[in-house]
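Just below is one structure, and these are the notes that go with it.
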Amino acid sequence: MKRLLSLDSPPMRFLALIANLIILNTLFILTSISLITIGASLCALQTSIQNILRKKDERLIANYFRLFQNNFKQATISWLIIVVLGLLFFLDFRLLGHLFIALSFLF
């Protein structure tokens with residue numbers, strides 16, 4: 001029983017991984033409340049998960065906010081470009097749908 005509850009046992013490492021993922025997802029949700037910061041939040045979340053998988057997860061919360069701050073400008077610009085392109089594609093498909101309806105009356 002002592003080995004099962006040891007911090008180095010596989011069940012405890014698995015539970016620690018699950019707890020870290022819950023903390024990271026909560027931080028992601030809290031930092032992406034504003035639609036503008038989703039890009040930086042996604043970047044910080046992805047890099048933090050990669051650090052966990054590479055066993056470099058010593059200070060989870062501080063590391064997340066450091067990554068969020070370091071990548072804020074670049075990730076926000078990328079996210080805004082993706083949103084604008086997605087909006088343009090959406091509007092294009094909406095207009096094409098109405099164009100085919102308008103052309104069907106001509107033939």
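Residues in the structure tokens are numbered from 1 in each chain, the chains being A, B, ... in the order shown, and ligands are numbered from 1 in the order shown.
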
*Extract the full set of helix (DSSP H, G or I) residues from chain A according to DSSP on the backbone, and format it as a ChimeraX atom specification.*
/A:10-31,35-53,60-70,72-104

Let's have the selection written as a JSON list (two decimals), in the first residue's frame, with C-alpha atoms.
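Below is the file that was written, result25.json:
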```json
[["chain", "number", "residue", "atom", "x", "y", "z"],
["A", 10, "PRO", "CA", 2.47, 5.24, -11.82],
["A", 11, "PRO", "CA", -1.05, 5.97, -10.46],
["A", 12, "MET", "CA", 0.18, 9.12, -8.68],
["A", 13, "ARG", "CA", 2.10, 10.30, -11.76],
["A", 14, "PHE", "CA", -1.05, 9.77, -13.82],
["A", 15, "LEU", "CA", -3.15, 11.72, -11.32],
["A", 16, "ALA", "CA", -0.55, 14.51, -11.31],
["A", 17, "LEU", "CA", -0.72, 14.63, -15.12],
["A", 18, "ILE", "CA", -4.53, 14.87, -15.01],
["A", 19, "ALA", "CA", -4.33, 17.64, -12.39],
["A", 20, "ASN", "CA", -1.82, 19.56, -14.53],
["A", 21, "LEU", "CA", -4.08, 19.28, -17.57],
["A", 22, "ILE", "CA", -7.08, 20.50, -15.57],
["A", 23, "ILE", "CA", -5.06, 23.48, -14.33],
["A", 24, "LEU", "CA", -3.84, 24.28, -17.85],
["A", 25, "ASN", "CA", -7.34, 24.07, -19.33],
["A", 26, "THR", "CA", -8.70, 26.33, -16.59],
["A", 27, "LEU", "CA", -5.94, 28.86, -17.26],
["A", 28, "PHE", "CA", -6.71, 28.65, -20.99],
["A", 29, "ILE", "CA", -10.39, 29.36, -20.43],
["A", 30, "LEU", "CA", -9.65, 32.26, -18.08],
["A", 31, "THR", "CA", -7.09, 33.88, -20.40],
["A", 35, "LEU", "CA", -11.66, 36.91, -28.17],
["A", 36, "ILE", "CA", -8.46, 38.78, -28.96],
["A", 37, "THR", "CA", -6.32, 36.74, -26.56],
["A", 38, "ILE", "CA", -7.29, 33.29, -27.86],
["A", 39, "GLY", "CA", -4.19, 33.13, -30.06],
["A", 40, "ALA", "CA", -1.79, 33.77, -27.20],
["A", 41, "SER", "CA", -3.76, 31.40, -24.95],
["A", 42, "LEU", "CA", -3.59, 28.59, -27.51],
["A", 43, "CYS", "CA", 0.13, 29.15, -27.99],
["A", 44, "ALA", "CA", 0.81, 29.09, -24.24],
["A", 45, "LEU", "CA", -1.39, 26.01, -23.78],
["A", 46, "GLN", "CA", 0.30, 24.08, -26.59],
["A", 47, "THR", "CA", 3.80, 24.93, -25.41],
["A", 48, "SER", "CA", 2.92, 24.06, -21.81],
["A", 49, "ILE", "CA", 1.54, 20.68, -22.85],
["A", 50, "GLN", "CA", 4.69, 20.02, -24.88],
["A", 51, "ASN", "CA", 6.78, 20.89, -21.80],
["A", 52, "ILE", "CA", 4.75, 18.44, -19.71],
["A", 53, "LEU", "CA", 5.26, 15.68, -22.28],
["A", 60, "LEU", "CA", 3.28, 25.13, -14.42],
["A", 61, "ILE", "CA", 1.33, 28.34, -13.76],
["A", 62, "ALA", "CA", 4.30, 30.70, -13.88],
["A", 63, "ASN", "CA", 5.52, 29.03, -17.06],
["A", 64, "TYR", "CA", 2.07, 29.37, -18.68],
["A", 65, "PHE", "CA", 1.88, 33.10, -17.96],
["A", 66, "ARG", "CA", 5.50, 33.62, -19.09],
["A", 67, "LEU", "CA", 4.70, 31.90, -22.39],
["A", 68, "PHE", "CA", 1.47, 33.88, -22.70],
["A", 69, "GLN", "CA", 3.34, 37.14, -22.23],
["A", 70, "ASN", "CA", 6.27, 36.26, -24.50],
["A", 72, "PHE", "CA", 1.27, 37.66, -27.02],
["A", 73, "LYS", "CA", 2.09, 39.99, -29.93],
["A", 74, "GLN", "CA", 2.92, 37.35, -32.53],
["A", 75, "ALA", "CA", 0.08, 35.00, -31.56],
["A", 76, "THR", "CA", -2.50, 37.80, -31.44],
["A", 77, "ILE", "CA", -1.55, 39.03, -34.91],
["A", 78, "SER", "CA", -1.73, 35.47, -36.27],
["A", 79, "TRP", "CA", -5.08, 34.88, -34.57],
["A", 80, "LEU", "CA", -6.57, 38.11, -35.97],
["A", 81, "ILE", "CA", -5.42, 37.17, -39.49],
["A", 82, "ILE", "CA", -7.05, 33.75, -39.11],
["A", 83, "VAL", "CA", -10.29, 35.33, -37.87],
["A", 84, "VAL", "CA", -10.38, 37.83, -40.77],
["A", 85, "LEU", "CA", -9.71, 35.09, -43.34],
["A", 86, "GLY", "CA", -12.36, 32.85, -41.76],
["A", 87, "LEU", "CA", -14.86, 35.71, -41.85],
["A", 88, "LEU", "CA", -14.06, 36.40, -45.50],
["A", 89, "PHE", "CA", -14.51, 32.72, -46.41],
["A", 90, "PHE", "CA", -17.80, 32.60, -44.50],
["A", 91, "LEU", "CA", -19.13, 35.70, -46.25],
["A", 92, "ASP", "CA", -17.93, 34.38, -49.61],
["A", 93, "PHE", "CA", -19.83, 31.12, -49.17],
["A", 94, "ARG", "CA", -22.93, 33.01, -48.03],
["A", 95, "LEU", "CA", -22.78, 35.25, -51.11],
["A", 96, "LEU", "CA", -22.23, 32.27, -53.42],
["A", 97, "GLY", "CA", -25.29, 30.59, -51.98],
["A", 98, "HIS", "CA", -27.41, 33.65, -52.72],
["A", 99, "LEU", "CA", -25.84, 34.03, -56.16],
["A", 100, "PHE", "CA", -26.92, 30.54, -57.24],
["A", 101, "ILE", "CA", -30.47, 31.25, -56.06],
["A", 102, "ALA", "CA", -30.52, 34.52, -58.03],
["A", 103, "LEU", "CA", -29.14, 32.84, -61.16],
["A", 104, "SER", "CA", -31.72, 30.04, -60.99]]
```
